[in-house]
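Report on the following structure.
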Amino acid sequence: MDSNIYLLATDPKNSCRDVIHSRDTHLKIRVFCVDVEQFVPDNNEIQLYGYAGRKLYAFETINIIADDALDVISAIQWYAGYIDCPDMEILPDDPREGNTIAV
């Protein structure tokens, strides 16, 4: 069982601007509703994506450190449960047409 505790900071002026915080580590993840707002990935951070119904979310770390990288998935899974979408598939790439990642 996952022992991490996550907290959520919400923006009262923008319901699509949540930030997931780990209580016990430095992990922070910014949440974007990419169907509603523009999302420009930061090359220095980890980005993952997930659908909740027909709504696409982007998740981007904030000042990620190596020790916290393994907790990113569990934080997103926690958030998926929070928004009543516990079966959210977490995607490594932007699924929108025309959004490819240069390697």
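Each chain in the structure tokens gets a letter, A, B and so on, in the order shown; residues start at 1 in every chain, and ligands are counted from 1 in the order they appear.
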- Shell of 12 Å around segment 79-84 of chain A, only C-alpha atoms, local chain residues under 5 positions omitted, as JSON, numbers by chain: {"A": [5, 6, 7, 8, 9, 15, 16, 18, 19, 20, 21, 22, 29, 30, 31, 49, 50, 51, 52, 53, 55, 56, 57, 58, 59, 72, 73, 74, 89, 90]}
Once you have the residues from the selection above, write them out as a PDB file, in the first residue's frame, restricted to N, CA and C atoms.
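Output saved as result_9.pdb:
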ATOM      1  N   ILE A   5       1.179  10.728   1.316  1.00  0.00           N
ATOM      2  CA  ILE A   5      -0.007  11.554   1.541  1.00  0.00           C
ATOM      3  C   ILE A   5       0.092  12.727   0.583  1.00  0.00           C
ATOM      4  N   TYR A   6      -0.981  12.974  -0.149  1.00  0.00           N
ATOM      5  CA  TYR A   6      -0.992  14.079  -1.105  1.00  0.00           C
ATOM      6  C   TYR A   6      -2.008  15.125  -0.686  1.00  0.00           C
ATOM      7  N   LEU A   7      -1.674  16.361  -0.950  1.00  0.00           N
ATOM      8  CA  LEU A   7      -2.532  17.505  -0.667  1.00  0.00           C
ATOM      9  C   LEU A   7      -2.787  18.221  -1.975  1.00  0.00           C
ATOM     10  N   LEU A   8      -3.880  18.962  -2.042  1.00  0.00           N
ATOM     11  CA  LEU A   8      -4.233  19.650  -3.275  1.00  0.00           C
ATOM     12  C   LEU A   8      -4.415  21.134  -3.012  1.00  0.00           C
ATOM     13  N   ALA A   9      -3.697  21.939  -3.783  1.00  0.00           N
ATOM     14  CA  ALA A   9      -3.890  23.388  -3.752  1.00  0.00           C
ATOM     15  C   ALA A   9      -4.720  23.742  -4.971  1.00  0.00           C
ATOM     16  N   SER A  15     -10.605  26.721 -12.044  1.00  0.00           N
ATOM     17  CA  SER A  15     -10.794  25.341 -11.591  1.00  0.00           C
ATOM     18  C   SER A  15      -9.876  24.358 -12.303  1.00  0.00           C
ATOM     19  N   CYS A  16      -9.181  24.803 -13.324  1.00  0.00           N
ATOM     20  CA  CYS A  16      -8.254  23.929 -14.056  1.00  0.00           C
ATOM     21  C   CYS A  16      -6.815  24.130 -13.613  1.00  0.00           C
ATOM     22  N   ASP A  18      -5.016  23.152 -10.570  1.00  0.00           N
ATOM     23  CA  ASP A  18      -4.701  22.488  -9.314  1.00  0.00           C
ATOM     24  C   ASP A  18      -3.205  22.206  -9.242  1.00  0.00           C
ATOM     25  N   VAL A  19      -2.689  22.093  -8.032  1.00  0.00           N
ATOM     26  CA  VAL A  19      -1.309  21.663  -7.806  1.00  0.00           C
ATOM     27  C   VAL A  19      -1.346  20.560  -6.750  1.00  0.00           C
ATOM     28  N   ILE A  20      -0.799  19.408  -7.108  1.00  0.00           N
ATOM     29  CA  ILE A  20      -0.702  18.277  -6.192  1.00  0.00           C
ATOM     30  C   ILE A  20       0.613  18.424  -5.429  1.00  0.00           C
ATOM     31  N   HIS A  21       0.549  18.307  -4.113  1.00  0.00           N
ATOM     32  CA  HIS A  21       1.734  18.386  -3.257  1.00  0.00           C
ATOM     33  C   HIS A  21       1.865  17.081  -2.488  1.00  0.00           C
ATOM     34  N   SER A  22       3.071  16.571  -2.403  1.00  0.00           N
ATOM     35  CA  SER A  22       3.339  15.451  -1.520  1.00  0.00           C
ATOM     36  C   SER A  22       3.658  16.016  -0.145  1.00  0.00           C
ATOM     37  N   ILE A  29       3.129  18.759  -8.510  1.00  0.00           N
ATOM     38  CA  ILE A  29       2.686  18.531  -9.890  1.00  0.00           C
ATOM     39  C   ILE A  29       1.583  19.520 -10.220  1.00  0.00           C
ATOM     40  N   ARG A  30       1.784  20.262 -11.285  1.00  0.00           N
ATOM     41  CA  ARG A  30       0.776  21.208 -11.758  1.00  0.00           C
ATOM     42  C   ARG A  30      -0.172  20.466 -12.698  1.00  0.00           C
ATOM     43  N   VAL A  31      -1.470  20.732 -12.547  1.00  0.00           N
ATOM     44  CA  VAL A  31      -2.500  20.094 -13.363  1.00  0.00           C
ATOM     45  C   VAL A  31      -3.066  21.120 -14.338  1.00  0.00           C
ATOM     46  N   TYR A  49      -0.052  12.588 -19.203  1.00  0.00           N
ATOM     47  CA  TYR A  49      -1.381  12.990 -19.637  1.00  0.00           C
ATOM     48  C   TYR A  49      -2.393  11.935 -19.212  1.00  0.00           C
ATOM     49  N   GLY A  50      -3.648  12.343 -19.114  1.00  0.00           N
ATOM     50  CA  GLY A  50      -4.694  11.398 -18.776  1.00  0.00           C
ATOM     51  C   GLY A  50      -6.061  11.960 -19.097  1.00  0.00           C
ATOM     52  N   TYR A  51      -6.957  11.084 -19.521  1.00  0.00           N
ATOM     53  CA  TYR A  51      -8.344  11.461 -19.790  1.00  0.00           C
ATOM     54  C   TYR A  51      -9.218  11.122 -18.595  1.00  0.00           C
ATOM     55  N   ALA A  52     -10.087  12.049 -18.242  1.00  0.00           N
ATOM     56  CA  ALA A  52     -11.167  11.809 -17.283  1.00  0.00           C
ATOM     57  C   ALA A  52     -12.438  11.987 -18.096  1.00  0.00           C
ATOM     58  N   GLY A  53     -12.987  10.871 -18.526  1.00  0.00           N
ATOM     59  CA  GLY A  53     -14.092  10.959 -19.480  1.00  0.00           C
ATOM     60  C   GLY A  53     -13.533  11.492 -20.794  1.00  0.00           C
ATOM     61  N   LYS A  55     -12.402  14.675 -20.993  1.00  0.00           N
ATOM     62  CA  LYS A  55     -11.565  15.811 -20.611  1.00  0.00           C
ATOM     63  C   LYS A  55     -10.108  15.358 -20.480  1.00  0.00           C
ATOM     64  N   LEU A  56      -9.220  16.039 -21.212  1.00  0.00           N
ATOM     65  CA  LEU A  56      -7.805  15.691 -21.189  1.00  0.00           C
ATOM     66  C   LEU A  56      -7.052  16.573 -20.195  1.00  0.00           C
ATOM     67  N   TYR A  57      -6.291  15.928 -19.341  1.00  0.00           N
ATOM     68  CA  TYR A  57      -5.455  16.620 -18.366  1.00  0.00           C
ATOM     69  C   TYR A  57      -3.987  16.428 -18.727  1.00  0.00           C
ATOM     70  N   ALA A  58      -3.190  17.452 -18.463  1.00  0.00           N
ATOM     71  CA  ALA A  58      -1.736  17.337 -18.519  1.00  0.00           C
ATOM     72  C   ALA A  58      -1.231  17.533 -17.095  1.00  0.00           C
ATOM     73  N   PHE A  59      -0.251  16.746 -16.731  1.00  0.00           N
ATOM     74  CA  PHE A  59       0.358  16.820 -15.417  1.00  0.00           C
ATOM     75  C   PHE A  59       1.833  17.139 -15.615  1.00  0.00           C
ATOM     76  N   VAL A  72       5.655  10.207  -9.034  1.00  0.00           N
ATOM     77  CA  VAL A  72       4.781  10.988  -9.920  1.00  0.00           C
ATOM     78  C   VAL A  72       3.522  10.206 -10.280  1.00  0.00           C
ATOM     79  N   ILE A  73       3.667   8.947 -10.663  1.00  0.00           N
ATOM     80  CA  ILE A  73       2.512   8.132 -11.056  1.00  0.00           C
ATOM     81  C   ILE A  73       1.527   7.981  -9.902  1.00  0.00           C
ATOM     82  N   SER A  74       2.026   7.692  -8.706  1.00  0.00           N
ATOM     83  CA  SER A  74       1.095   7.508  -7.584  1.00  0.00           C
ATOM     84  C   SER A  74       0.376   8.808  -7.245  1.00  0.00           C
ATOM     85  N   GLU A  89      -6.310   6.292 -17.442  1.00  0.00           N
ATOM     86  CA  GLU A  89      -5.087   5.763 -18.046  1.00  0.00           C
ATOM     87  C   GLU A  89      -4.078   6.900 -18.126  1.00  0.00           C
ATOM     88  N   ILE A  90      -2.919   6.694 -17.570  1.00  0.00           N
ATOM     89  CA  ILE A  90      -1.870   7.709 -17.567  1.00  0.00           C
ATOM     90  C   ILE A  90      -1.000   7.478 -18.791  1.00  0.00           C
TER      91      ILE A  90
END
- Which distance in Å separates atom CA of Asn63 of chain A and atom CA of His26 of chain A, to one decimal?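 About the pair atom CA of Asn63 of chain A and atom CA of His26 of chain A: they are 8.6 Å apart.
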- Item | Residues flagged helix (DSSP H, G or I) by DSSP in segment 69-98 of chain A, as number ranges by chain | A: 69-82
Please dump the current selection as a PDB file, in the first residue's frame; keep C-alpha atoms.
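Listed below is the output, selection_5.pdb:
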ATOM      1  CA  ALA A  69      10.455  10.948  -9.862  1.00  0.00           C
ATOM      2  CA  LEU A  70       9.129   7.520  -8.875  1.00  0.00           C
ATOM      3  CA  ASP A  71       6.220   9.073  -6.957  1.00  0.00           C
ATOM      4  CA  VAL A  72       4.781  10.988  -9.920  1.00  0.00           C
ATOM      5  CA  ILE A  73       2.512   8.132 -11.056  1.00  0.00           C
ATOM      6  CA  SER A  74       1.095   7.508  -7.584  1.00  0.00           C
ATOM      7  CA  ALA A  75       0.366  11.234  -7.177  1.00  0.00           C
ATOM      8  CA  ILE A  76      -1.524  11.286 -10.481  1.00  0.00           C
ATOM      9  CA  GLN A  77      -3.420   8.139  -9.505  1.00  0.00           C
ATOM     10  CA  TRP A  78      -4.389   9.838  -6.242  1.00  0.00           C
ATOM     11  CA  TYR A  79      -5.637  12.875  -8.193  1.00  0.00           C
ATOM     12  CA  ALA A  80      -7.596  10.628 -10.571  1.00  0.00           C
ATOM     13  CA  GLY A  81      -9.402   9.156  -7.581  1.00  0.00           C
ATOM     14  CA  TYR A  82     -10.005  12.643  -6.208  1.00  0.00           C
TER      15      TYR A  82
END
- Based on DSSP run over this structure's backbone, return all residues of chain A in strand (DSSP E), as an NGL selection string. :A and (6-11 or 14-22 or 28-33 or 47-52 or 55-61 or 90-91)
Same residues, N, CA and C atoms, saved as a compact mmCIF listing (two decimals), in the first residue's frame:
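Wrote selection-v4.txt, looks like this:
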# COMPACT_ATOMS: atom_id res chain seq x y z
N TYR A 6 -0.98 12.97 -0.15
CA TYR A 6 -0.99 14.08 -1.11
C TYR A 6 -2.01 15.12 -0.69
N LEU A 7 -1.67 16.36 -0.95
CA LEU A 7 -2.53 17.51 -0.67
C LEU A 7 -2.79 18.22 -1.97
N LEU A 8 -3.88 18.96 -2.04
CA LEU A 8 -4.23 19.65 -3.28
C LEU A 8 -4.42 21.13 -3.01
N ALA A 9 -3.70 21.94 -3.78
CA ALA A 9 -3.89 23.39 -3.75
C ALA A 9 -4.72 23.74 -4.97
N THR A 10 -5.80 24.47 -4.75
CA THR A 10 -6.69 24.84 -5.85
C THR A 10 -6.68 26.35 -6.03
N ASP A 11 -6.94 26.77 -7.24
CA ASP A 11 -7.05 28.18 -7.56
C ASP A 11 -8.53 28.53 -7.61
N ASN A 14 -9.62 29.69 -11.05
CA ASN A 14 -9.44 28.83 -12.21
C ASN A 14 -9.49 27.38 -11.76
N SER A 15 -10.60 26.72 -12.04
CA SER A 15 -10.79 25.34 -11.59
C SER A 15 -9.88 24.36 -12.30
N CYS A 16 -9.18 24.80 -13.32
CA CYS A 16 -8.25 23.93 -14.06
C CYS A 16 -6.81 24.13 -13.61
N ARG A 17 -6.58 24.76 -12.51
CA ARG A 17 -5.22 25.03 -12.07
C ARG A 17 -4.96 24.45 -10.68
N ASP A 18 -5.02 23.15 -10.57
CA ASP A 18 -4.70 22.49 -9.31
C ASP A 18 -3.21 22.21 -9.24
N VAL A 19 -2.69 22.09 -8.03
CA VAL A 19 -1.31 21.66 -7.81
C VAL A 19 -1.35 20.56 -6.75
N ILE A 20 -0.80 19.41 -7.11
CA ILE A 20 -0.70 18.28 -6.19
C ILE A 20 0.61 18.42 -5.43
N HIS A 21 0.55 18.31 -4.11
CA HIS A 21 1.73 18.39 -3.26
C HIS A 21 1.87 17.08 -2.49
N SER A 22 3.07 16.57 -2.40
CA SER A 22 3.34 15.45 -1.52
C SER A 22 3.66 16.02 -0.15
N LYS A 28 5.87 18.21 -6.40
CA LYS A 28 4.73 19.06 -6.74
C LYS A 28 4.42 18.85 -8.21
N ILE A 29 3.13 18.76 -8.51
CA ILE A 29 2.69 18.53 -9.89
C ILE A 29 1.58 19.52 -10.22
N ARG A 30 1.78 20.26 -11.29
CA ARG A 30 0.78 21.21 -11.76
C ARG A 30 -0.17 20.47 -12.70
N VAL A 31 -1.47 20.73 -12.55
CA VAL A 31 -2.50 20.09 -13.36
C VAL A 31 -3.07 21.12 -14.34
N PHE A 32 -3.16 20.71 -15.60
CA PHE A 32 -3.71 21.58 -16.65
C PHE A 32 -4.88 20.87 -17.33
N CYS A 33 -5.95 21.61 -17.63
CA CYS A 33 -7.04 21.11 -18.46
C CYS A 33 -6.72 21.55 -19.88
N GLN A 47 6.24 15.42 -17.97
CA GLN A 47 4.84 15.62 -18.34
C GLN A 47 4.19 14.26 -18.58
N LEU A 48 3.00 14.10 -18.06
CA LEU A 48 2.18 12.93 -18.32
C LEU A 48 0.76 13.43 -18.60
N TYR A 49 -0.05 12.59 -19.20
CA TYR A 49 -1.38 12.99 -19.64
C TYR A 49 -2.39 11.94 -19.21
N GLY A 50 -3.65 12.34 -19.11
CA GLY A 50 -4.69 11.40 -18.78
C GLY A 50 -6.06 11.96 -19.10
N TYR A 51 -6.96 11.08 -19.52
CA TYR A 51 -8.34 11.46 -19.79
C TYR A 51 -9.22 11.12 -18.59
N ALA A 52 -10.09 12.05 -18.24
CA ALA A 52 -11.17 11.81 -17.28
C ALA A 52 -12.44 11.99 -18.10
N LYS A 55 -12.40 14.67 -20.99
CA LYS A 55 -11.56 15.81 -20.61
C LYS A 55 -10.11 15.36 -20.48
N LEU A 56 -9.22 16.04 -21.21
CA LEU A 56 -7.80 15.69 -21.19
C LEU A 56 -7.05 16.57 -20.20
N TYR A 57 -6.29 15.93 -19.34
CA TYR A 57 -5.45 16.62 -18.37
C TYR A 57 -3.99 16.43 -18.73
N ALA A 58 -3.19 17.45 -18.46
CA ALA A 58 -1.74 17.34 -18.52
C ALA A 58 -1.23 17.53 -17.09
N PHE A 59 -0.25 16.75 -16.73
CA PHE A 59 0.36 16.82 -15.42
C PHE A 59 1.83 17.14 -15.62
N GLU A 60 2.31 18.20 -14.99
CA GLU A 60 3.71 18.59 -15.14
C GLU A 60 4.33 18.82 -13.78
N THR A 61 5.47 18.21 -13.57
CA THR A 61 6.17 18.38 -12.29
C THR A 61 6.67 19.82 -12.16
N ILE A 90 -2.92 6.69 -17.57
CA ILE A 90 -1.87 7.71 -17.57
C ILE A 90 -1.00 7.48 -18.79
N LEU A 91 -0.89 8.51 -19.61
CA LEU A 91 -0.21 8.40 -20.90
C LEU A 91 1.12 9.15 -20.88
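Between atom CA of Ile46 of chain A and atom CA of Asp94 of chain A the interatomic distance comes to 12.1 Å.
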- Can you work out the spacing between atom CA of Asp93 of chain A and atom CA of Leu27 of chain A in Å, to one decimal?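 One can read the atom CA of Asp93 of chain A to atom CA of Leu27 of chain A distance as 20.6 Å.
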- Message: Set the distance at 12 Å and use only C-alpha atoms: which residues neighbour Arg54 of chain A once local chain neighbours fewer than 5 positions away are removed? I'd like the list as a VMD selection string.
- Response: chain A and resid 33 to 35 85 88
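Minimum atom-to-atom distances from A:Asn43, A:Thr25, A:Asn4, A:Gln38 to Ala66 of chain A were compared using only C-alpha atoms, and the lowest value belongs to A:Thr25.
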